[in-house]
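Data block below; observations after.
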Amino acid sequence: MATTIESTQLDFAKIKESLRTHFVSTEEFADYDFDASALDAVLDVLAYNTHYNGLIANFSMNESFLNTAQLRSSVLTISESLGYIPRSTNAASAVVNLSVTITDSARPLTVTLPTNQRFNASVDDITYTFYTTEEYTATDNGAGVYQFQTTAGSNDISIREGTLKTKSFLVSSVDNPVYIMPDELMDTTTATVRVYRNRNSSVFDSYLPYSQAFSVEATSTFYGLRESPNAHYELYFGDGSIIGKKPTAGEFIVVTYLSTNSTAANGARTFTAQSGLTIDSTNYTVTATNVSRSAGGANKESIQSIKHNAPISFAAQNRLVTPEDYIALVNSNYGNYLNGVTAWGGEDNIPPNFGKVYVSLNYKAGTTSEAQVSVENNIVNDLSKNRSIMSVDTLFAATETCFIETSTFFNFNPSKTSITVGSIEGQVNNLVSDYFTTNLNEFSKIFRRSAVIADVDELSDAILNSRMDVKVQKRFTPVLTRSDAYSVLFPVTLSAPLVDRYVITSNTFQFENTTCIIRNKLNSNILQVVAQANGLVLVTNVGSYDPDKGLVSIVGFAPASIVGSSTDIKISAVPANQSTIRPLRNFILTLDTVSSFSSAQIDYERIGTTL
């Protein structure tokens, strides 16, 4: 009976052995000695061929699906088929007030600051160039001071970092021409596209990006920019009949854009104009007053981010109806400022607020408050105004951090390793910290205790078993010496009162010249102020906690000071389910490294030693 050849095996040795087994099972080669034979060399060739074909087929299939694709070019192609264009490198931007002073008695009533006015700024002793992105006008205030303003009348003007570049194309009669922008550092959001009648013409049509289109006709002038497989960018237009106008043969395309240094230019705060403003042959200095430091510079969207955002964006279909739509479009348009975004309907808010949608933004470190305000204003004015359902307003909720305290205990057999107890405890602490860094610190990320314990058990053969106690922690800043009320909301349900263990505890503070803590009475949800040293109750009722709502209510609380360097009162609580902590809405879980620890319990019985 012939042996089936399992050609799906990708290992060369297994493929060859399968072929050899097949031949041996036949009557002709039943007694054949394959070693050092010519047929053995043939089997090598057949095995190599099968091996390579199997690998190629496997790689090809992997690259055909978004979840399994590894090559950036494959991910870009698949995401484009879903209607998602990944973010390019983003230029850092800053907000400044620009003005010029003219003392000449014959000064004009208004002056104009042209587009692409250049400013210098330094970050870490490296000088970067920033540009204005549009034309601004200013009016004499009567004293010769001209304050430039946006078309909306604001003094706050955005400038963006980069090197100004121009790329031109002469449109040929070739079908489906390709226009490549040979710059990996191009910020596609800064591009301006003009199509002139011919190379020498001053008459042009301005094209807008497809992202700004709400309806497209045959005569609509829109363009798109997508990343090409070689990491450059391809400029494309409509088809001339359905999805917009396309340039015709003989016309001349001029693209102006910024090639940026991405994150390197974040943090600039002092800006100096490279050139003045010339009026009637006289050059006047343009003064830039900093409003906010530069921020928002970012690298190209990563493969992991594209895989996450493309399906969500496809589901959103460029409209704002569900919370997931808000997440997709905010990430797509403002992801260079954010580590994450979440949204929920007002009906799911606490308390409910119907007719509203709540958005919470987790900004990248270093994003200034001015930049945050600008992002939120743009979301309301650009996204919500044009894409959301009428009468539904967008509100913003601050990110809430819920800290996790972990107490890890493990049995340790020192005879199985040369590592000391202190070192192994340090390694466990680092492992727990790495777990939070890798798997949490973002919206909607869930803490699973079993995953951490499994990692601890696999850390070393000397760790025999382990367990972990988990607490959740929220913080608030009290007004010292003033009696006040505070509410602390946890994102999970809390344990019911216990007979032998305190569910609610706090860090230490000074009260009535005594170092105290807040904790609940055993087997009660009543909170008390007790002396840390001897447990003497100083305040019999300072509030209570509601386990089902995860709410801790503190009333009449007037600490004199907080012990240590902290300015916060930390309220720690035992969750009802320590195994899985699933945050709600705008909560992010992170590790409190100060309150978390690991402790090794040496297994003396296993190593034959007694105390």
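Every chain in the structure tokens takes a letter, A first, then B, and so on in the order presented; its residues are numbered from 1, and the ligands are numbered from 1 following the presented order.
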Would you pick out the contacts of range 229-244 of chain A at 6 Å or less, using only C-alpha atoms, so that residues sharing its chain but fewer than 5 positions from it are not included, and give the list as a PyMOL selection string?
chain A and resi 73+179-184+216-221+223-224
Can you write out the residues you just picked, keeping N, CA and C atoms, as an mmCIF file, in the first residue's frame?
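Final file, again17.cif:
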data_model
loop_
_atom_site.group_PDB
_atom_site.id
_atom_site.type_symbol
_atom_site.label_atom_id
_atom_site.label_comp_id
_atom_site.auth_asym_id
_atom_site.auth_seq_id
_atom_site.Cartn_x
_atom_site.Cartn_y
_atom_site.Cartn_z
ATOM 1 N N SER A 73 4.365 46.627 2.784
ATOM 2 C CA SER A 73 3.704 46.818 1.489
ATOM 3 C C SER A 73 2.404 46.030 1.410
ATOM 4 N N TYR A 179 2.527 59.176 -10.477
ATOM 5 C CA TYR A 179 3.241 60.355 -9.974
ATOM 6 C C TYR A 179 3.800 60.013 -8.594
ATOM 7 N N ILE A 180 5.110 59.870 -8.512
ATOM 8 C CA ILE A 180 5.757 59.445 -7.270
ATOM 9 C C ILE A 180 6.439 60.635 -6.602
ATOM 10 N N MET A 181 6.171 60.796 -5.310
ATOM 11 C CA MET A 181 6.859 61.792 -4.487
ATOM 12 C C MET A 181 8.007 61.071 -3.787
ATOM 13 N N PRO A 182 9.244 61.262 -4.233
ATOM 14 C CA PRO A 182 10.379 60.476 -3.714
ATOM 15 C C PRO A 182 10.887 60.991 -2.368
ATOM 16 N N ASP A 183 10.042 60.900 -1.345
ATOM 17 C CA ASP A 183 10.430 61.424 -0.034
ATOM 18 C C ASP A 183 9.723 60.610 1.046
ATOM 19 N N GLU A 184 10.495 59.823 1.797
ATOM 20 C CA GLU A 184 9.919 59.000 2.862
ATOM 21 C C GLU A 184 9.430 59.841 4.039
ATOM 22 N N VAL A 216 -18.548 63.686 -4.394
ATOM 23 C CA VAL A 216 -17.593 63.769 -5.496
ATOM 24 C C VAL A 216 -18.345 63.594 -6.812
ATOM 25 N N GLU A 217 -18.083 64.502 -7.739
ATOM 26 C CA GLU A 217 -18.662 64.428 -9.073
ATOM 27 C C GLU A 217 -17.546 64.359 -10.105
ATOM 28 N N ALA A 218 -17.920 64.278 -11.361
ATOM 29 C CA ALA A 218 -16.924 64.154 -12.426
ATOM 30 C C ALA A 218 -16.019 65.371 -12.504
ATOM 31 N N THR A 219 -16.517 66.540 -12.108
ATOM 32 C CA THR A 219 -15.722 67.773 -12.197
ATOM 33 C C THR A 219 -15.058 68.147 -10.876
ATOM 34 N N SER A 220 -15.226 67.322 -9.842
ATOM 35 C CA SER A 220 -14.633 67.628 -8.538
ATOM 36 C C SER A 220 -13.117 67.509 -8.610
ATOM 37 N N THR A 221 -12.432 68.468 -8.003
ATOM 38 C CA THR A 221 -10.962 68.479 -8.035
ATOM 39 C C THR A 221 -10.415 67.996 -6.695
ATOM 40 N N TYR A 223 -7.529 65.036 -4.841
ATOM 41 C CA TYR A 223 -6.365 64.179 -5.039
ATOM 42 C C TYR A 223 -6.200 63.275 -3.831
ATOM 43 N N GLY A 224 -5.386 62.259 -4.001
ATOM 44 C CA GLY A 224 -5.035 61.380 -2.897
ATOM 45 C C GLY A 224 -3.539 61.136 -2.866
#
Got a sec: who's within 12 Å of range 290-292 of chain A, counting only C-alpha atoms, leaving out chain neighbours fewer than 4 positions off, as a ChimeraX atom specification?
/A:92-99,119,121,155-159,266-272,296,366-374
Nearest to Ile588 in chain A among A:Ser565, A:Ser360, A:Ser487, A:Asn541, with distances taken over only C-alpha atoms: which residue is it?
A:Ser360
I need the residue nearest Ser460 in chain A from this list: A:Asp325, A:Glu376, A:Asp11, A:Glu425. Use only C-alpha atoms for the distance.
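Residue with the minimum atom-to-atom distance to Ser460 in chain A: A:Glu425.
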Residue neighbourhood Ser81 in chain A, 12 Å, only C-alpha atoms, exclusion window fewer than 3 positions, as a ChimeraX atom specification
/A:64-66,74-78,84-86,226,310-311,313-314
Could you turn the residues from that selection into a file that holds C-alpha atoms, as a CSV table (one decimal), in the first residue's frame?
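The resulting file, part15.csv, is shown below:
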chain,number,residue,atom,x,y,z
A,64,SER,CA,-3.0,38.1,1.6
A,65,PHE,CA,-4.7,38.8,5.0
A,66,LEU,CA,-4.4,41.8,7.2
A,74,SER,CA,1.2,44.0,2.0
A,75,VAL,CA,-0.5,45.8,5.0
A,76,LEU,CA,-0.7,49.0,3.0
A,77,THR,CA,-2.3,47.3,0.0
A,78,ILE,CA,-4.9,45.5,2.1
A,84,TYR,CA,-8.0,53.3,5.0
A,85,ILE,CA,-4.9,55.5,4.2
A,86,PRO,CA,-2.3,55.1,6.9
A,226,ARG,CA,-0.8,56.9,-0.6
A,310,ALA,CA,-8.1,49.8,9.2
A,311,PRO,CA,-11.0,47.5,10.0
A,313,SER,CA,-12.2,52.8,9.9
A,314,PHE,CA,-13.9,50.5,7.3
Name all residues at most 7 Å from range 468-483 of chain A (count only C-alpha atoms; drop same-chain ones fewer than 6 positions away) and give them as a PyMOL selection string.
chain A and resi 402-409+490+556-561+567-575+578
Residues near Asn141 in chain A, cut-off 12 Å, only C-alpha atoms, skip fewer than 2 positions along chain, as number ranges by chain
A: 99-103, 107-111, 138-139, 143-148
Just list as number ranges by chain whatever in range 443-545 of chain A DSSP marks as strand (DSSP E or B).
A: 443, 447-448, 463-476, 484-489, 494, 504-506, 509-511, 514-520, 526-531, 537-545
In Å, how far is it from CA of Asn90 in chain A to CA of Ala298 in chain A?
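Taking CA of Asn90 in chain A as the start and CA of Ala298 in chain A as the end point, the length is 4.9 Å.
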Which is closest to Thr394 in chain A among A:Pro177, A:Gly162, A:Gly142, A:Gly345, if we use only C-alpha atoms?
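Using only C-alpha atoms, Thr394 in chain A sits closest to A:Gly345.
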Give me the residues within 6 Å of Gly550 in chain A as a list in words, counting only C-alpha atoms and dropping any in the same chain fewer than 3 places off.
Leu489, Phe490, Val492, Thr493, Leu494, Asp546 and Pro547 of chain A
Could you state the separation of CA of Trp344 in chain A and CA of Leu395 in chain A in Å, given to one decimal place?
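Computing it gives 10.2 Å between the two atoms.
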